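K.L.:
For reference, the structure I am asking about is given below.
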Amino acid sequence: MTGELAAAVHAEALKLRRSRVPWATAGAVLLAGAVGAFFMFVLQDVDRARSLGLLGTKAQLTGGTADWPGYFALTAQTVSVGGLVIFGTAAIWLFGREFSDRTATDLLALPTSRTAVVLAKLLLLLGWCSVLTVLLVLLALVLGAALGLPGWSGGAALRGAGGVLGTGLLTAGLAVPYGLAASVGRGYLPAVAVLFLTVLVAQVLAAVGHGAWFPWAVPALLAGTAGPASADTGWTGPAGVVLVALGSAAATALWWERADHSA
Amino acid sequence: MTAPALRLQGVSKHYGTVCAVDRVCLEVAPGELYALLGLNGAGKTTVMRMVLGMVRPAAGSVTVLGRGRGDRSVWAEVGYLVEAASAYPELTVRENLEVARRLRRLRSPTAVEDVVELLGLREHADRRARVLSQGNLQRLALARAVLHRPSLLVLDEPVNGLDPAGVVEVRTLLERLAREHGTAVLLSSHILGEVARVATRIGVLHRGGLLDEFATADLPDRVRRRLELTTRDDARAVRVLAAAGYTARRGPRAVVLEEDRATDRPDAVAAVLVHGGVPPTGLAVVREDLEAHFLRLVGAQAPGPREGSDDR
């Protein structure tokens, strides 16, 4: 299996490298990072922002502090919500493109097993999502330093960066089911529908205080999107996310191995 | 006796209430080129997908190179092209083949270059697949199928989109693989003239069942023949022939006789007409071609007279 997996990872990496997905997702992450820095800039001096025309006269900004812990918290929240869409898009592309390009058939009767191909795609997804999260952390460090945010300390930076990376990993795990949806739905559209549905339901459940029971809401809650009171989901929150990720990975491999590939 | 490269025994497949494939049995020997013919929806692609383990048969068994379903090692010796030719559009021809080489776990560093040469893709090797013509995309898909010099090739419409020169190249390639490497080929095509040229055996699928199976070499003995003749007075010719005991009818272009004694001895028919005062101005024994034979077997309407003729 190791040799098969290595072969599949090599092949999938070549496909990913030659696609627009790395550029598009990296661009989206950089944009999200820049938006976070913009909020910090506004929070630093609201009157300055208003006088520069960056803030409407009626705008009220609440729930954020213009310092390093606040910036890291905002970055983690960005990963938990924006990351879900960006990572989900990557997952949908990795699997859905095989159907829209009609190349899925070419993966079905090979000495490299279908399970190895699925695992390779998921490993690349996890790897690329990690790279994107690290990119966002690096961008935050650069932009935070450029803004001269107060509250820097080695410990705070480690805690903050660790929080963002942890949120990124949990969010990447939640993107795995979109690969399953793109496989079973044999294309992009059904998976995009599932992505929108999960984001919507996560927002609603988080708003009514039941987010801890819905894995797609957990990273955002842990990142403090709904306030410090909701940030403690207990062990069930992260466990649910891990369960969804592993369960979806197994279901995706099983589907590729066992389903009738008649189209 | 050589073991078959492919054996299907009573293979069936149902989609809901629709029976896509019904108890099909067939064998393809090493070095044999077996063509599956059938109308759209006859079950050809489903049969091929079952051979390749993509679709699970509802009944029956599929044995590929002596191994049953579940032995994945067999795919290292099988090449295939099922339905439309496809490729990763953002990858070049060479990169598409490199992906296939990696997934097929081929160690030969020259495998990609060899097959690029073999399929005449040299000048397109560094072009992205998205800009390839349909014909070159088909060549790429075929290149991927034969990259590893398989023992069994499963090809659905292998000459789709190819120009006449490409059709001849593919035919030559398949014949060479079969002859030199003992590759067994299971193919389907709608170009029946091409099938008649390349296949050594033909199976006719109709409504999921294997309606007929025959060696291509036996085709001349299986097809219908008829004697077509023209005279200056066809109505009188029919009467003269009837008086001599022949069953003749006036067709749209000629007087037609379908009985063996007429097609076996056209000279005797000509003699009857000469003696009857209506000498033939044209006389030909017309043989059904594969297309006409196939359409007659499946009960479909031929689009028009396209038979070949001989013994003229």
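Letters for chains follow the order of the structure tokens (A, B, ...), residue numbers begin at 1 for each chain, and ligand numbers begin at 1 in the order shown.
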Per residue of stretch 48-135 of chain B within 12 Å of stretch 86-100 of chain A, what are the shortest atom pair and its distance in Å to one decimal, counting only C-alpha atoms, with rows by chain and residue number, as a tab-separated table?

P.N.:
residue	atom	partner	partner_atom	distance
B:Ser86	CA	A:Glu98	CA	10.0
B:Ala87	CA	A:Glu98	CA	9.6
B:Tyr88	CA	A:Glu98	CA	8.5
B:Pro89	CA	A:Arg97	CA	10.3
B:Glu90	CA	A:Arg97	CA	11.4

K.L.:
I need the chosen residues saved as a PDB file, in the first residue's frame, with all heavy atoms.

P.N.:
ATOM      1  N   SER B  86     -10.672  11.034 -22.641  1.00  0.00           N
ATOM      2  CA  SER B  86     -10.590  12.159 -21.717  1.00  0.00           C
ATOM      3  C   SER B  86      -9.142  12.314 -21.260  1.00  0.00           C
ATOM      4  O   SER B  86      -8.328  11.406 -21.419  1.00  0.00           O
ATOM      5  CB  SER B  86     -11.488  11.909 -20.507  1.00  0.00           C
ATOM      6  OG  SER B  86     -11.089  10.715 -19.876  1.00  0.00           O
ATOM      7  N   ALA B  87      -8.852  13.498 -20.726  1.00  0.00           N
ATOM      8  CA  ALA B  87      -7.508  13.764 -20.215  1.00  0.00           C
ATOM      9  C   ALA B  87      -7.595  14.950 -19.276  1.00  0.00           C
ATOM     10  O   ALA B  87      -8.590  15.680 -19.277  1.00  0.00           O
ATOM     11  CB  ALA B  87      -6.558  14.068 -21.371  1.00  0.00           C
ATOM     12  N   TYR B  88      -6.568  15.117 -18.459  1.00  0.00           N
ATOM     13  CA  TYR B  88      -6.537  16.287 -17.574  1.00  0.00           C
ATOM     14  C   TYR B  88      -6.183  17.507 -18.422  1.00  0.00           C
ATOM     15  O   TYR B  88      -5.075  17.576 -18.961  1.00  0.00           O
ATOM     16  CB  TYR B  88      -5.532  16.062 -16.449  1.00  0.00           C
ATOM     17  CG  TYR B  88      -5.938  14.923 -15.563  1.00  0.00           C
ATOM     18  CD1 TYR B  88      -5.277  13.701 -15.598  1.00  0.00           C
ATOM     19  CD2 TYR B  88      -7.029  15.045 -14.712  1.00  0.00           C
ATOM     20  CE1 TYR B  88      -5.686  12.641 -14.814  1.00  0.00           C
ATOM     21  CE2 TYR B  88      -7.451  13.984 -13.920  1.00  0.00           C
ATOM     22  CZ  TYR B  88      -6.781  12.794 -13.973  1.00  0.00           C
ATOM     23  OH  TYR B  88      -7.194  11.748 -13.197  1.00  0.00           O
ATOM     24  N   PRO B  89      -7.119  18.442 -18.560  1.00  0.00           N
ATOM     25  CA  PRO B  89      -6.938  19.510 -19.547  1.00  0.00           C
ATOM     26  C   PRO B  89      -5.745  20.418 -19.276  1.00  0.00           C
ATOM     27  O   PRO B  89      -5.149  20.951 -20.211  1.00  0.00           O
ATOM     28  CB  PRO B  89      -8.256  20.296 -19.476  1.00  0.00           C
ATOM     29  CG  PRO B  89      -8.896  19.908 -18.186  1.00  0.00           C
ATOM     30  CD  PRO B  89      -8.413  18.533 -17.872  1.00  0.00           C
ATOM     31  N   GLU B  90      -5.391  20.594 -17.997  1.00  0.00           N
ATOM     32  CA  GLU B  90      -4.308  21.533 -17.685  1.00  0.00           C
ATOM     33  C   GLU B  90      -2.932  20.877 -17.809  1.00  0.00           C
ATOM     34  O   GLU B  90      -1.913  21.557 -17.731  1.00  0.00           O
ATOM     35  CB  GLU B  90      -4.491  22.131 -16.285  1.00  0.00           C
ATOM     36  CG  GLU B  90      -4.312  21.157 -15.132  1.00  0.00           C
ATOM     37  CD  GLU B  90      -5.569  20.333 -14.841  1.00  0.00           C
ATOM     38  OE1 GLU B  90      -6.508  20.362 -15.654  1.00  0.00           O
ATOM     39  OE2 GLU B  90      -5.591  19.650 -13.793  1.00  0.00           O
TER      40      GLU B  90
END

K.L.:
Find the nearest atom pair between each residue of chain A and chain B for residues within 9 Å, count only C-alpha atoms, give distances in Å to one decimal, sort rows by chain and ascending number, and present the table as a Markdown table.

P.N.:
| residue | atom | partner | partner_atom | distance |
| --- | --- | --- | --- | --- |
| A:Gly3 | CA | B:Arg105 | CA | 8.6 |
| A:Glu4 | CA | B:Leu103 | CA | 7.7 |
| A:Ala7 | CA | B:Arg102 | CA | 5.4 |
| A:Ala8 | CA | B:Leu103 | CA | 6.0 |
| A:His10 | CA | B:Arg102 | CA | 7.3 |
| A:Ala11 | CA | B:Val99 | CA | 5.0 |
| A:Glu12 | CA | B:Val99 | CA | 8.0 |
| A:Leu14 | CA | B:Val99 | CA | 7.6 |
| A:Lys15 | CA | B:Leu91 | CA | 7.2 |
| A:Arg18 | CA | B:Glu90 | CA | 6.3 |
| A:Ser19 | CA | B:Glu90 | CA | 6.3 |
| A:Arg20 | CA | B:Glu90 | CA | 8.8 |
| A:Arg97 | CA | B:Tyr88 | CA | 8.9 |
| A:Glu98 | CA | B:Tyr88 | CA | 8.5 |
| A:Asp101 | CA | B:Tyr88 | CA | 6.8 |
| A:Arg102 | CA | B:Ser86 | CA | 5.9 |
| A:Thr103 | CA | B:Ser86 | CA | 5.9 |
| A:Thr105 | CA | B:Val82 | CA | 7.5 |
| A:Asp106 | CA | B:Leu81 | CA | 8.0 |
| A:Leu107 | CA | B:Leu103 | CA | 8.2 |
| A:Leu108 | CA | B:Met54 | CA | 6.6 |
| A:Ala109 | CA | B:Trp75 | CA | 5.7 |
| A:Leu110 | CA | B:Trp75 | CA | 5.1 |
| A:Pro111 | CA | B:Ala76 | CA | 5.1 |
| A:Thr112 | CA | B:Leu103 | CA | 5.6 |
| A:Ser113 | CA | B:Arg72 | CA | 7.7 |
| A:Val117 | CA | B:Leu103 | CA | 8.8 |
| A:Glu257 | CA | B:Met54 | CA | 8.9 |
| A:Arg258 | CA | B:Arg56 | CA | 8.5 |
| A:Ala259 | CA | B:Val55 | CA | 7.7 |
| A:Asp260 | CA | B:Val55 | CA | 4.6 |
| A:His261 | CA | B:Met54 | CA | 5.1 |
| A:Ser262 | CA | B:Val55 | CA | 6.2 |

K.L.:
Tell me which protein, DNA and RNA residues are within 10 Å of stretch 143-157 of chain A, counting only C-alpha atoms, leaving out same-chain ones fewer than 2 positions away, and put them as number ranges by chain.

P.N.:
A: 33-34, 36-38, 40-41, 44, 65-72, 137-141, 159-163

K.L.:
Excluding same-chain residues fewer than 5 positions from B:Pro30, what lies within 7 Å of it counting only C-alpha atoms, as a PyMOL selection string?

P.N.:
chain B and resi 4-5+182-184

K.L.:
With N, CA, C and O atoms retained, could you export that selection as a JSON list (two decimals), in the first residue's frame?

P.N.:
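Listed below is the output, part_9.json:
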[["chain", "number", "residue", "atom", "x", "y", "z"],
["B", 4, "PRO", "N", -8.30, -18.66, -22.09],
["B", 4, "PRO", "CA", -8.76, -17.38, -22.65],
["B", 4, "PRO", "C", -8.24, -16.20, -21.83],
["B", 4, "PRO", "O", -8.06, -16.31, -20.62],
["B", 5, "ALA", "N", -8.00, -15.10, -22.51],
["B", 5, "ALA", "CA", -7.58, -13.88, -21.81],
["B", 5, "ALA", "C", -8.77, -13.29, -21.06],
["B", 5, "ALA", "O", -8.61, -12.64, -20.03],
["B", 182, "GLY", "N", 0.69, -10.90, -28.48],
["B", 182, "GLY", "CA", -0.39, -11.80, -28.07],
["B", 182, "GLY", "C", -1.47, -11.09, -27.28],
["B", 182, "GLY", "O", -2.22, -11.70, -26.52],
["B", 183, "THR", "N", -1.57, -9.76, -27.47],
["B", 183, "THR", "CA", -2.58, -8.99, -26.75],
["B", 183, "THR", "C", -3.98, -9.37, -27.23],
["B", 183, "THR", "O", -4.24, -9.42, -28.44],
["B", 184, "ALA", "N", -4.85, -9.66, -26.28],
["B", 184, "ALA", "CA", -6.25, -9.90, -26.62],
["B", 184, "ALA", "C", -6.96, -8.55, -26.61],
["B", 184, "ALA", "O", -6.72, -7.74, -25.72]]

K.L.:
For stretch 121-124 of chain B, list every protein, DNA or RNA residue within 10 Å, evaluated using only C-alpha atoms, and leave out those in the same chain fewer than 5 positions away; present the list as a ChimeraX atom specification.

P.N.:
/B:92-94,113-116,129,131-132,136-137,139-140,143

K.L.:
Separation of atom CA of B:Thr17 and atom CA of B:Gly208, in Å?

P.N.:
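According to the coordinates, atom CA of B:Thr17 and atom CA of B:Gly208 are separated by 13.0 Å.
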
K.L.:
Which residues come within 12 Å of A:Ala207, counting only C-alpha atoms, excluding same-chain residues fewer than 5 positions away, as a list in words?

P.N.:
Leu200, Val201, Ala202, Ala212, Phe214, Ala217, Ala220, Leu221, Thr225, Ala226, Gly227 and Ser230 of chain A

K.L.:
Kindly give the distance, in Å, that separates atom CA of A:Pro22 and atom CA of A:Val176, rounded to a single decimal.

P.N.:
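Interatomic distance, atom CA of A:Pro22 to atom CA of A:Val176: 17.2 Å.
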
K.L.:
According to DSSP computed on the backbone, where in stretch 151-300 of chain B is there alpha helix (DSSP H)? Give the residues as a PyMOL selection string.

P.N.:
chain B and resi 164-181+192-198+219-222+234-243+260-264+266-275+290-298

K.L.:
Just the number, please: distance in Å from atom CA of A:Ala181 to atom CA of B:Ser12, one decimal.

P.N.:
29.3 Å
